[in-house]
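Dumped run-v7.cif below, it's mmCIF, C-alpha atoms and all ligand atoms:
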```cif
data_run
loop_
_atom_site.label_atom_id
_atom_site.label_comp_id
_atom_site.auth_asym_id
_atom_site.auth_seq_id
_atom_site.Cartn_x
_atom_site.Cartn_y
_atom_site.Cartn_z
CA MET T 1 53.88 -12.42 34.77
CA ASP T 2 55.56 -12.26 38.16
CA GLU T 3 54.05 -15.33 39.92
CA SER T 4 55.37 -14.42 43.36
CA GLU T 5 53.89 -10.92 43.23
CA LEU T 6 50.52 -12.33 42.09
CA LEU T 7 50.55 -14.77 45.00
CA ALA T 8 51.44 -12.03 47.48
CA LEU T 9 48.65 -9.77 46.18
CA ARG T 10 46.08 -12.54 46.47
CA ARG T 11 47.18 -13.27 50.04
CA ARG T 12 46.78 -9.57 50.80
CA ILE T 13 43.29 -9.56 49.24
CA ASP T 14 42.32 -12.60 51.38
CA ALA T 15 43.50 -10.78 54.51
CA ILE T 16 41.59 -7.61 53.51
CA ASP T 17 38.43 -9.66 52.93
CA GLU T 18 38.70 -11.10 56.44
CA GLU T 19 39.01 -7.57 57.84
CA ILE T 20 36.01 -6.39 55.79
CA LEU T 21 33.95 -9.33 57.02
CA LYS T 22 34.86 -8.66 60.66
CA LEU T 23 33.89 -4.99 60.25
CA LEU T 24 30.65 -5.88 58.48
CA SER T 25 29.72 -8.24 61.30
CA GLU T 26 30.43 -5.53 63.84
CA ARG T 27 28.33 -3.08 61.81
CA GLY T 28 25.50 -5.63 61.77
CA ARG T 29 25.67 -6.00 65.56
CA CYS T 30 25.56 -2.19 66.01
CA ALA T 31 22.55 -1.90 63.68
CA ARG T 32 20.73 -4.69 65.54
CA ARG T 33 21.31 -2.86 68.83
CA VAL T 34 20.09 0.43 67.28
CA GLY T 35 16.95 -1.49 66.34
CA GLU T 36 16.42 -2.53 69.97
CA LEU T 37 16.80 1.06 71.19
CA LYS T 38 14.52 2.56 68.55
CA GLN T 39 11.03 3.81 69.11
CA GLY T 40 8.79 4.21 66.08
CA ALA T 41 9.79 3.14 62.59
CA ILE T 42 12.87 0.93 62.24
CA TYR T 43 13.66 2.02 58.68
CA ARG T 44 15.01 5.60 58.72
CA PRO T 45 15.20 7.07 55.21
CA GLU T 46 16.86 10.30 56.39
CA ARG T 47 19.69 8.39 58.10
CA GLU T 48 20.19 6.11 55.06
CA ALA T 49 20.41 9.13 52.73
CA GLN T 50 23.01 10.70 55.03
CA VAL T 51 25.09 7.50 55.11
CA LEU T 52 25.07 7.23 51.30
CA ARG T 53 25.89 10.91 50.75
CA ARG T 54 28.69 10.84 53.33
CA ILE T 55 30.28 7.71 51.85
CA ALA T 56 30.10 9.16 48.32
CA ALA T 57 31.81 12.35 49.53
CA LEU T 58 34.53 10.41 51.40
CA ASN T 59 35.28 7.99 48.55
CA PRO T 60 39.04 8.20 47.87
CA GLY T 61 38.90 6.03 44.70
CA PRO T 62 39.86 4.07 42.67
CA LEU T 63 36.36 2.57 42.92
CA PRO T 64 33.81 4.83 41.14
CA GLU T 65 31.13 6.58 43.22
CA SER T 66 28.40 4.42 41.69
CA ALA T 67 30.16 1.20 42.79
CA VAL T 68 30.73 2.47 46.32
CA ARG T 69 27.11 3.57 46.60
CA THR T 70 25.81 0.20 45.38
CA ILE T 71 28.00 -1.67 47.89
CA PHE T 72 26.94 0.50 50.83
CA ARG T 73 23.32 0.35 49.71
CA GLU T 74 23.55 -3.45 50.07
CA ILE T 75 25.38 -3.25 53.41
CA MET T 76 22.63 -1.06 54.88
CA SER T 77 19.96 -3.27 53.37
CA ALA T 78 21.45 -6.33 55.12
CA CYS T 79 21.93 -4.45 58.42
CA LEU T 80 18.35 -3.17 58.39
CA ALA T 81 17.10 -6.73 57.80
CA LEU T 82 18.74 -7.73 61.13
CA GLU T 83 16.56 -5.12 62.84
CA GLN T 84 13.38 -5.86 60.90
CA PRO T 85 12.74 -7.85 57.70
CA LEU T 86 10.84 -5.45 55.42
CA LYS T 87 8.06 -6.19 52.95
CA VAL T 88 8.19 -3.85 49.94
CA ALA T 89 5.52 -3.83 47.20
CA TYR T 90 5.82 -2.38 43.71
CA LEU T 91 3.71 -2.16 40.58
CA GLY T 92 4.40 -5.52 38.90
CA PRO T 93 4.95 -7.82 37.24
CA ALA T 94 8.52 -8.71 38.20
CA GLY T 95 11.12 -7.30 35.83
CA THR T 96 9.47 -3.88 35.40
CA PHE T 97 11.14 -0.51 36.04
CA SER T 98 9.10 -0.26 39.26
CA GLU T 99 10.90 -3.33 40.59
CA ALA T 100 14.25 -1.82 39.56
CA ALA T 101 13.32 1.37 41.45
CA ALA T 102 12.32 -0.60 44.56
CA ARG T 103 15.63 -2.49 44.55
CA LYS T 104 17.64 0.65 43.87
CA HIS T 105 16.09 2.27 46.95
CA PHE T 106 15.98 -0.65 49.41
CA GLY T 107 18.81 -2.94 48.21
CA SER T 108 18.10 -6.66 47.90
CA ALA T 109 17.37 -7.75 51.50
CA PRO T 110 13.61 -6.98 51.74
CA GLN T 111 10.91 -9.35 50.62
CA PHE T 112 9.63 -7.81 47.37
CA VAL T 113 5.99 -8.27 46.45
CA SER T 114 4.72 -7.57 42.94
CA LEU T 115 1.15 -6.21 42.82
CA ALA T 116 -1.13 -5.77 39.81
CA SER T 117 -2.03 -2.09 40.19
CA ILE T 118 -0.92 1.15 41.83
CA ASP T 119 -4.23 1.15 43.69
CA GLU T 120 -3.39 -2.24 45.22
CA VAL T 121 0.02 -0.98 46.36
CA PHE T 122 -1.69 1.85 48.28
CA ARG T 123 -4.34 -0.47 49.74
CA GLU T 124 -1.85 -3.11 50.94
CA VAL T 125 0.34 -0.49 52.64
CA GLU T 126 -2.70 1.08 54.27
CA ALA T 127 -3.94 -2.34 55.44
CA GLY T 128 -0.55 -3.00 57.05
CA ASN T 129 0.19 -6.12 54.96
CA ILE T 130 3.10 -4.30 53.31
CA ASP T 131 5.59 -1.93 55.00
CA TYR T 132 6.56 0.23 51.99
CA GLY T 133 5.20 0.75 48.49
CA VAL T 134 7.09 2.04 45.45
CA VAL T 135 4.94 3.79 42.84
CA PRO T 136 5.73 5.86 39.72
CA ILE T 137 4.75 9.55 40.02
CA GLU T 138 6.15 11.21 36.88
CA ASN T 139 8.27 10.58 33.80
CA SER T 140 10.45 13.21 32.14
CA VAL T 141 9.05 12.37 28.68
CA GLU T 142 5.48 11.20 29.35
CA GLY T 143 4.58 13.56 32.23
CA MET T 144 2.63 12.79 35.38
CA VAL T 145 1.10 9.50 36.44
CA GLY T 146 -2.45 10.69 37.18
CA VAL T 147 -3.62 7.72 39.22
CA THR T 148 -0.75 8.04 41.73
CA HIS T 149 -1.60 11.71 42.26
CA ASP T 150 -5.27 10.85 42.88
CA LEU T 151 -4.41 8.05 45.32
CA LEU T 152 -2.07 10.32 47.32
CA LEU T 153 -5.02 12.63 47.86
CA LEU T 154 -7.39 9.81 48.88
CA HIS T 155 -5.25 7.62 51.15
CA PRO T 156 -3.95 8.61 54.59
CA LEU T 157 -0.42 7.54 53.63
CA GLN T 158 2.81 9.52 53.69
CA ILE T 159 5.72 9.87 51.30
CA CYS T 160 8.98 8.78 52.96
CA GLY T 161 11.30 8.72 49.96
CA GLU T 162 11.83 9.30 46.26
CA VAL T 163 13.78 7.33 43.66
CA MET T 164 15.05 8.62 40.33
CA LEU T 165 15.55 5.93 37.72
CA ARG T 166 17.11 6.49 34.30
CA ILE T 167 15.02 4.50 31.88
CA HIS T 168 17.09 2.51 29.41
CA GLN T 169 15.19 0.40 26.90
CA HIS T 170 16.78 -2.61 25.21
CA LEU T 171 15.67 -4.81 22.33
CA MET T 172 15.91 -8.42 23.54
CA SER T 173 15.16 -11.77 22.00
CA LEU T 174 15.98 -15.48 21.71
CA ALA T 175 16.77 -14.71 18.04
CA PRO T 176 20.48 -14.48 17.15
CA SER T 177 20.24 -11.21 15.21
CA LEU T 178 17.95 -8.32 14.24
CA ALA T 179 17.39 -9.89 10.82
CA ALA T 180 15.58 -12.83 12.46
CA VAL T 181 13.10 -10.65 14.39
CA LYS T 182 9.56 -10.84 12.91
CA ARG T 183 7.58 -8.94 15.60
CA VAL T 184 8.24 -6.66 18.55
CA TYR T 185 6.32 -6.72 21.84
CA SER T 186 6.32 -3.94 24.42
CA HIS T 187 4.19 -1.63 26.50
CA ALA T 188 2.68 1.12 24.30
CA GLN T 189 4.65 3.79 26.17
CA SER T 190 7.95 2.01 25.55
CA LEU T 191 7.11 1.50 21.87
CA ALA T 192 6.48 5.26 21.69
CA GLN T 193 9.75 6.02 23.49
CA CYS T 194 11.71 3.95 20.92
CA HIS T 195 9.77 5.04 17.86
CA GLU T 196 12.71 6.57 15.94
CA TRP T 197 15.00 3.63 16.54
CA LEU T 198 12.31 1.13 15.49
CA SER T 199 11.48 2.96 12.26
CA ARG T 200 15.18 3.03 11.34
CA HIS T 201 16.17 -0.55 12.29
CA LEU T 202 12.97 -2.62 12.15
CA PRO T 203 10.65 -0.68 9.81
CA ASP T 204 8.77 -3.66 8.37
CA VAL T 205 7.69 -5.75 11.36
CA PRO T 206 4.54 -5.30 13.47
CA TYR T 207 4.88 -3.58 16.86
CA VAL T 208 2.52 -5.26 19.33
CA PRO T 209 1.48 -3.35 22.48
CA VAL T 210 1.06 -5.54 25.59
CA ALA T 211 0.25 -4.89 29.28
CA SER T 212 3.83 -4.37 30.49
CA ASN T 213 7.44 -4.64 29.38
CA ALA T 214 7.85 -7.70 31.57
CA GLU T 215 4.90 -9.34 29.81
CA ALA T 216 6.58 -8.51 26.47
CA ALA T 217 9.77 -10.23 27.63
CA ARG T 218 7.80 -13.27 28.81
CA LEU T 219 6.16 -13.56 25.36
CA ALA T 220 9.50 -13.15 23.57
CA ALA T 221 10.95 -15.95 25.72
CA GLN T 222 8.32 -18.31 24.22
CA ASP T 223 8.73 -17.26 20.60
CA PRO T 224 12.15 -17.23 18.89
CA ASP T 225 10.81 -15.02 16.05
CA ALA T 226 9.81 -12.27 18.47
CA ALA T 227 11.70 -9.55 20.32
CA ALA T 228 10.69 -7.44 23.32
CA ILE T 229 11.56 -3.91 24.32
CA ALA T 230 12.16 -3.79 28.08
CA GLY T 231 14.69 -2.97 30.76
CA GLU T 232 17.79 -4.97 31.60
CA ALA T 233 16.16 -6.82 34.52
CA ALA T 234 13.61 -8.36 32.15
CA ALA T 235 16.37 -9.73 29.88
CA GLU T 236 18.01 -11.43 32.86
CA ARG T 237 14.76 -12.74 34.26
CA TYR T 238 13.56 -14.28 30.99
CA GLY T 239 16.93 -15.43 29.63
CA LEU T 240 16.90 -13.15 26.57
CA THR T 241 19.89 -11.73 24.71
CA VAL T 242 20.09 -7.97 24.30
CA LEU T 243 20.36 -7.39 20.53
CA ALA T 244 20.46 -3.59 20.82
CA ALA T 245 21.00 -1.60 24.02
CA ASN T 246 19.75 1.89 24.99
CA ILE T 247 17.40 2.30 22.04
CA GLU T 248 15.24 5.01 23.70
CA ASP T 249 14.97 8.15 21.57
CA ASP T 250 15.56 10.50 24.54
CA PRO T 251 18.77 9.59 26.41
CA ASN T 252 17.68 11.59 29.49
CA ASN T 253 14.46 9.62 29.96
CA THR T 254 13.99 9.42 33.75
CA THR T 255 11.09 8.22 35.91
CA ARG T 256 10.59 9.52 39.44
CA PHE T 257 9.08 7.06 41.92
CA LEU T 258 7.76 7.69 45.44
CA VAL T 259 8.10 5.46 48.48
CA ILE T 260 4.83 5.44 50.42
CA ALA T 261 4.30 4.29 54.00
CA LYS T 262 2.44 5.03 57.21
CA HIS T 263 5.14 7.54 58.16
CA ASP T 264 7.36 10.08 56.45
CA ALA T 265 11.00 10.89 57.30
CA ALA T 266 10.99 11.76 61.01
CA GLY T 267 13.68 14.43 60.66
CA PRO T 268 15.68 16.38 58.09
CA SER T 269 18.56 14.69 56.24
CA GLY T 270 20.11 17.97 55.07
CA ARG T 271 18.72 17.75 51.53
CA ASP T 272 14.99 17.12 51.65
CA LYS T 273 11.70 17.69 49.90
CA THR T 274 8.19 18.21 51.23
CA SER T 275 5.10 17.38 49.16
CA LEU T 276 1.59 18.69 49.65
CA VAL T 277 -1.69 18.93 47.83
CA CYS T 278 -3.99 21.92 48.24
CA SER T 279 -6.69 24.01 46.60
CA ALA T 280 -7.14 27.74 46.27
CA PRO T 281 -10.35 29.78 46.41
CA ASN T 282 -11.81 30.35 42.96
CA LYS T 283 -11.15 34.11 42.67
CA PRO T 284 -8.69 36.45 40.94
CA GLY T 285 -5.14 36.36 42.30
CA ALA T 286 -5.85 33.35 44.55
CA MET T 287 -2.97 31.27 43.21
CA HIS T 288 -0.55 34.16 43.56
CA ARG T 289 -1.69 34.74 47.15
CA LEU T 290 -1.45 31.01 47.93
CA LEU T 291 2.17 30.72 46.81
CA GLU T 292 3.32 34.07 48.16
CA PRO T 293 4.51 32.63 51.54
CA LEU T 294 7.00 30.38 49.72
CA ALA T 295 8.71 33.44 48.23
CA HIS T 296 8.44 35.33 51.53
CA TYR T 297 10.25 32.61 53.52
CA GLY T 298 12.72 31.80 50.72
CA VAL T 299 11.44 28.27 50.10
CA SER T 300 12.05 26.90 46.57
CA MET T 301 9.29 25.09 44.75
CA THR T 302 10.45 22.12 42.64
CA LYS T 303 7.05 21.10 41.30
CA LEU T 304 3.61 22.60 40.70
CA GLN T 305 1.07 20.32 39.07
CA SER T 306 -2.64 20.92 38.74
CA ARG T 307 -5.16 18.12 38.48
CA PRO T 308 -8.96 18.17 38.27
CA ALA T 309 -10.57 17.79 41.71
CA LYS T 310 -13.12 15.00 41.58
CA SER T 311 -15.57 17.24 43.43
CA GLY T 312 -16.92 19.42 40.66
CA LEU T 313 -16.49 20.79 37.16
CA TRP T 314 -13.43 22.96 36.52
CA GLU T 315 -12.17 22.75 40.07
CA TYR T 316 -8.56 21.88 40.58
CA VAL T 317 -6.17 20.66 43.24
CA PHE T 318 -2.49 21.62 43.14
CA TYR T 319 0.37 19.26 43.90
CA ILE T 320 3.34 21.18 45.22
CA ASP T 321 6.86 20.01 46.10
CA VAL T 322 9.19 22.33 47.97
CA GLU T 323 12.81 22.01 49.03
CA GLY T 324 13.37 21.32 52.73
CA HIS T 325 11.85 19.27 55.54
CA ARG T 326 8.60 20.29 57.26
CA LEU T 327 10.64 20.73 60.50
CA ASP T 328 13.10 23.17 58.85
CA GLU T 329 12.09 26.60 60.17
CA PRO T 330 11.46 28.42 56.82
CA VAL T 331 9.41 25.48 55.51
CA ARG T 332 7.43 25.24 58.76
CA GLN T 333 6.55 28.94 58.63
CA ALA T 334 5.76 28.94 54.91
CA LEU T 335 3.46 25.91 55.31
CA ALA T 336 1.61 27.50 58.22
CA ALA T 337 0.97 30.65 56.14
CA LEU T 338 0.01 28.61 53.10
CA GLU T 339 -2.47 26.55 55.12
CA GLU T 340 -4.25 29.74 56.23
CA ARG T 341 -4.69 30.85 52.64
CA ALA T 342 -5.72 27.50 51.11
CA THR T 343 -9.29 26.24 51.09
CA PHE T 344 -7.85 22.77 51.65
CA LEU T 345 -4.35 21.47 52.35
CA LYS T 346 -2.97 17.99 52.94
CA LEU T 347 0.67 17.44 53.80
CA LEU T 348 1.92 14.37 51.91
CA GLY T 349 5.22 14.09 53.77
CA SER T 350 8.86 15.16 54.01
CA TYR T 351 11.61 12.91 52.73
CA PRO T 352 15.26 12.96 51.62
CA ALA T 353 15.82 14.04 48.01
CA ALA T 354 16.97 11.03 45.95
CA ALA T 355 20.58 10.40 46.98
CA TRP T 356 21.63 9.06 43.51
C1 LIG D 401 21.06 1.29 61.98
C2 LIG D 401 19.96 2.00 61.77
O1 LIG D 401 18.78 1.44 61.18
C3 LIG D 401 18.60 1.28 59.79
C4 LIG D 401 19.85 0.85 59.16
C5 LIG D 401 20.79 1.80 58.77
C6 LIG D 401 22.21 1.41 58.48
O2 LIG D 401 22.47 0.22 58.28
O3 LIG D 401 23.09 2.31 58.48
C7 LIG D 401 20.39 3.14 58.67
C8 LIG D 401 19.11 3.53 58.93
C9 LIG D 401 18.03 2.58 59.26
O4 LIG D 401 17.22 2.36 58.14
C10 LIG D 401 19.85 3.43 62.16
O5 LIG D 401 18.73 3.96 62.25
O6 LIG D 401 20.89 4.04 62.44
#
```

Would you mind writing the file out in structure tokens?
Amino acid sequence: MDESELLALRRRIDAIDEEILKLLSERGRCARRVGELKQGAIYRPEREAQVLRRIAALNPGPLPESAVRTIFREIMSACLALEQPLKVAYLGPAGTFSEAAARKHFGSAPQFVSLASIDEVFREVEAGNIDYGVVPIENSVEGMVGVTHDLLLLHPLQICGEVMLRIHQHLMSLAPSLAAVKRVYSHAQSLAQCHEWLSRHLPDVPYVPVASNAEAARLAAQDPDAAAIAGEAAAERYGLTVLAANIEDDPNNTTRFLVIAKHDAAGPSGRDKTSLVCSAPNKPGAMHRLLEPLAHYGVSMTKLQSRPAKSGLWEYVFYIDVEGHRLDEPVRQALAALEERATFLKLLGSYPAAAW
């Protein structure tokens, strides 16, 4: 090893770090001043999405895109906290995928609050005790989360963002090896998602469903004969060793979360979605007529989900996501036409499509 070159490189790294720190401080001062000039919401999801997309496109390497995104996510998180410390609630307990989604979206600067139900997340945001709520809306394997759909219809809240989270399940334990595991705790959905792996590697032990993956990890941390299936955050939080990683049967398993607030994204980011819920008159061709304006104005639909209306038997409401912001001209016109044809329509908000 060339000692003098090593020394020179480390000196260079120290000098670079000082430069980075100076620039970060300057960035923080700019953000704080932006905060003073702002009217309305301090947190601007459309601007944050643009910053992340721009940085990813500019990245010259050698750092991978994911590393650069994570670093800039944290920089913005810290800058935003200088303008306004945020309170973000998620469906708890701590260590669940909902917490991972909240941190992926907001970075680590906000104060995170774990709440016991999706209903409580909506209520606390509506009451103004919490600035933003992160709630699951659909999973690529399990389908829609019904309660979140119902609450979006009931509460006067808006969607201001979405988060896509790849769900990786790990088997974790205090036990040194698989052979020592005598029972497995997890949420019923996670047990189902790892069914093939479990029947191949741990066919003879009981699988015990519990309230959440985080609860499973907490139990496994008290019992050296037990293992839990949960996400990585739970292993860290409860001091468990991952005995087998990525044991989910479907490697593309992804959950989509929504960020709810009292406002949506004030303007377009360049790659946006708009969500709405509506109902159609109960007569032949009504659904076709309802959706016709989307085709007419060239607006793409990314989701159409029906759900029983709580008003009567065999009546449905339709949850629709389209590409574009409500202020983009084709979306604005399509929504106006759609509203005329629907018996009921509620705009749930426009927001940047998940940046990563
Ligand atoms: C600085 C701003 O405020 C916040 C912080 C941002 C940042 O650090 O880049 C971006 C958007 C806002 O959430 C801004 O609106 O430009």

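Excluding Val113 in chain T itself and same-chain residues fewer than 2 positions from it, the residues having an atom within 8 Å of it are Lys87, Val88, Ala89, Tyr90, Gln111 and Leu115 of chain T, counting only C-alpha atoms.
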
Kindly save the residues from that selection, with C-alpha atoms included, as a PDB file, in the coordinates of the input.
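New file part25.pdb:
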```pdb
ATOM      1  CA  LYS T  87       8.060  -6.190  52.950  1.00  0.00           C
ATOM      2  CA  VAL T  88       8.190  -3.850  49.940  1.00  0.00           C
ATOM      3  CA  ALA T  89       5.520  -3.830  47.200  1.00  0.00           C
ATOM      4  CA  TYR T  90       5.820  -2.380  43.710  1.00  0.00           C
ATOM      5  CA  GLN T 111      10.910  -9.350  50.620  1.00  0.00           C
ATOM      6  CA  LEU T 115       1.150  -6.210  42.820  1.00  0.00           C
TER       7      LEU T 115
END
```

Report as a Markdown table the residues of chain T within 12 Å of ligand LIG 401 (chain D), each with its shortest atom pair and distance in Å (one decimal), using all atoms listed in the file, ordered by chain and increasing residue number.
```
| residue | atom | partner | partner_atom | distance |
| --- | --- | --- | --- | --- |
| T:Leu24 | CA | D:LIG401 | O2 | 10.2 |
| T:Ser25 | CA | D:LIG401 | O2 | 11.5 |
| T:Glu26 | CA | D:LIG401 | O2 | 11.3 |
| T:Arg27 | CA | D:LIG401 | O2 | 7.6 |
| T:Gly28 | CA | D:LIG401 | O2 | 7.5 |
| T:Arg29 | CA | D:LIG401 | C1 | 9.3 |
| T:Cys30 | CA | D:LIG401 | C1 | 7.0 |
| T:Ala31 | CA | D:LIG401 | C1 | 3.9 |
| T:Arg32 | CA | D:LIG401 | C1 | 7.0 |
| T:Arg33 | CA | D:LIG401 | C1 | 8.0 |
| T:Val34 | CA | D:LIG401 | C1 | 5.5 |
| T:Gly35 | CA | D:LIG401 | O1 | 6.2 |
| T:Glu36 | CA | D:LIG401 | O1 | 9.9 |
| T:Leu37 | CA | D:LIG401 | O5 | 9.6 |
| T:Lys38 | CA | D:LIG401 | O5 | 7.7 |
| T:Gln39 | CA | D:LIG401 | O5 | 10.3 |
| T:Gly40 | CA | D:LIG401 | O5 | 10.7 |
| T:Ala41 | CA | D:LIG401 | O4 | 8.7 |
| T:Ile42 | CA | D:LIG401 | O1 | 6.0 |
| T:Tyr43 | CA | D:LIG401 | O4 | 3.6 |
| T:Arg44 | CA | D:LIG401 | O4 | 4.0 |
| T:Pro45 | CA | D:LIG401 | O4 | 5.9 |
| T:Glu46 | CA | D:LIG401 | C8 | 7.6 |
| T:Arg47 | CA | D:LIG401 | C8 | 5.0 |
| T:Glu48 | CA | D:LIG401 | C7 | 4.7 |
| T:Ala49 | CA | D:LIG401 | C7 | 8.4 |
| T:Gln50 | CA | D:LIG401 | C7 | 8.8 |
| T:Val51 | CA | D:LIG401 | O3 | 6.5 |
| T:Leu52 | CA | D:LIG401 | O3 | 8.9 |
| T:Arg53 | CA | D:LIG401 | O3 | 11.9 |
| T:Arg54 | CA | D:LIG401 | O3 | 11.4 |
| T:Ile55 | CA | D:LIG401 | O3 | 11.2 |
| T:Ile71 | CA | D:LIG401 | O2 | 11.9 |
| T:Phe72 | CA | D:LIG401 | O2 | 8.7 |
| T:Arg73 | CA | D:LIG401 | O2 | 8.6 |
| T:Glu74 | CA | D:LIG401 | O2 | 9.1 |
| T:Ile75 | CA | D:LIG401 | O2 | 6.7 |
| T:Met76 | CA | D:LIG401 | O2 | 3.6 |
| T:Ser77 | CA | D:LIG401 | O2 | 6.5 |
| T:Ala78 | CA | D:LIG401 | O2 | 7.3 |
| T:Cys79 | CA | D:LIG401 | O2 | 4.7 |
| T:Leu80 | CA | D:LIG401 | C4 | 4.4 |
| T:Ala81 | CA | D:LIG401 | C4 | 8.2 |
| T:Leu82 | CA | D:LIG401 | C4 | 8.9 |
| T:Glu83 | CA | D:LIG401 | O1 | 7.1 |
| T:Gln84 | CA | D:LIG401 | C3 | 8.9 |
| T:Pro85 | CA | D:LIG401 | C3 | 11.0 |
| T:Leu86 | CA | D:LIG401 | O4 | 10.4 |
| T:His105 | CA | D:LIG401 | O4 | 11.2 |
| T:Phe106 | CA | D:LIG401 | O4 | 9.3 |
| T:Gly107 | CA | D:LIG401 | O2 | 11.2 |
| T:Ala109 | CA | D:LIG401 | O2 | 11.6 |
| T:Pro110 | CA | D:LIG401 | O4 | 11.9 |
| T:Cys160 | CA | D:LIG401 | O4 | 11.7 |
| T:Gly161 | CA | D:LIG401 | O4 | 11.9 |
| T:Ala265 | CA | D:LIG401 | O4 | 10.6 |
| T:Ala266 | CA | D:LIG401 | O5 | 11.1 |
| T:Gly267 | CA | D:LIG401 | O5 | 11.7 |
| T:Ser269 | CA | D:LIG401 | C8 | 11.5 |
```

Sel. within 8 Å of pt (15.8, 12.3, 30.7), counting all atoms listed in the file, output as a compact mmCIF listing (two decimals) with C-alpha atoms, keeping the file's coordinate frame:
```txt
# COMPACT_ATOMS: atom_id res chain seq x y z
CA SER T 140 10.45 13.21 32.14
CA VAL T 141 9.05 12.37 28.68
CA ARG T 166 17.11 6.49 34.30
CA ILE T 167 15.02 4.50 31.88
CA ASP T 250 15.56 10.50 24.54
CA PRO T 251 18.77 9.59 26.41
CA ASN T 252 17.68 11.59 29.49
CA ASN T 253 14.46 9.62 29.96
CA THR T 254 13.99 9.42 33.75
```

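For the pair CA of Leu291 in chain T and CA of Ala342 in chain T, the interatomic distance is 9.5 Å.
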
If you count only C-alpha atoms, the residue of T:Gln333, T:Thr343, T:Thr241, T:Thr255 closest to Ser173 in chain T turns out to be T:Thr241

Restricting to all atoms listed in the file, whichever of T:Ala15, T:Ile118, T:Ala100, T:Ala220 is closest to Met164 in chain T is T:Ala100

Looking at T:Ala217, T:Ala353, T:Leu258, T:Leu347, which one is nearest to Pro156 in chain T, with distances taken over only C-alpha atoms? T:Leu347

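Interatomic distance, CA of Leu153 in chain T to CA of Lys283 in chain T: 22.9 Å.
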
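Picture a line from CA of Glu3 in chain T to CA of Ile16 in chain T; it runs 20.0 Å.
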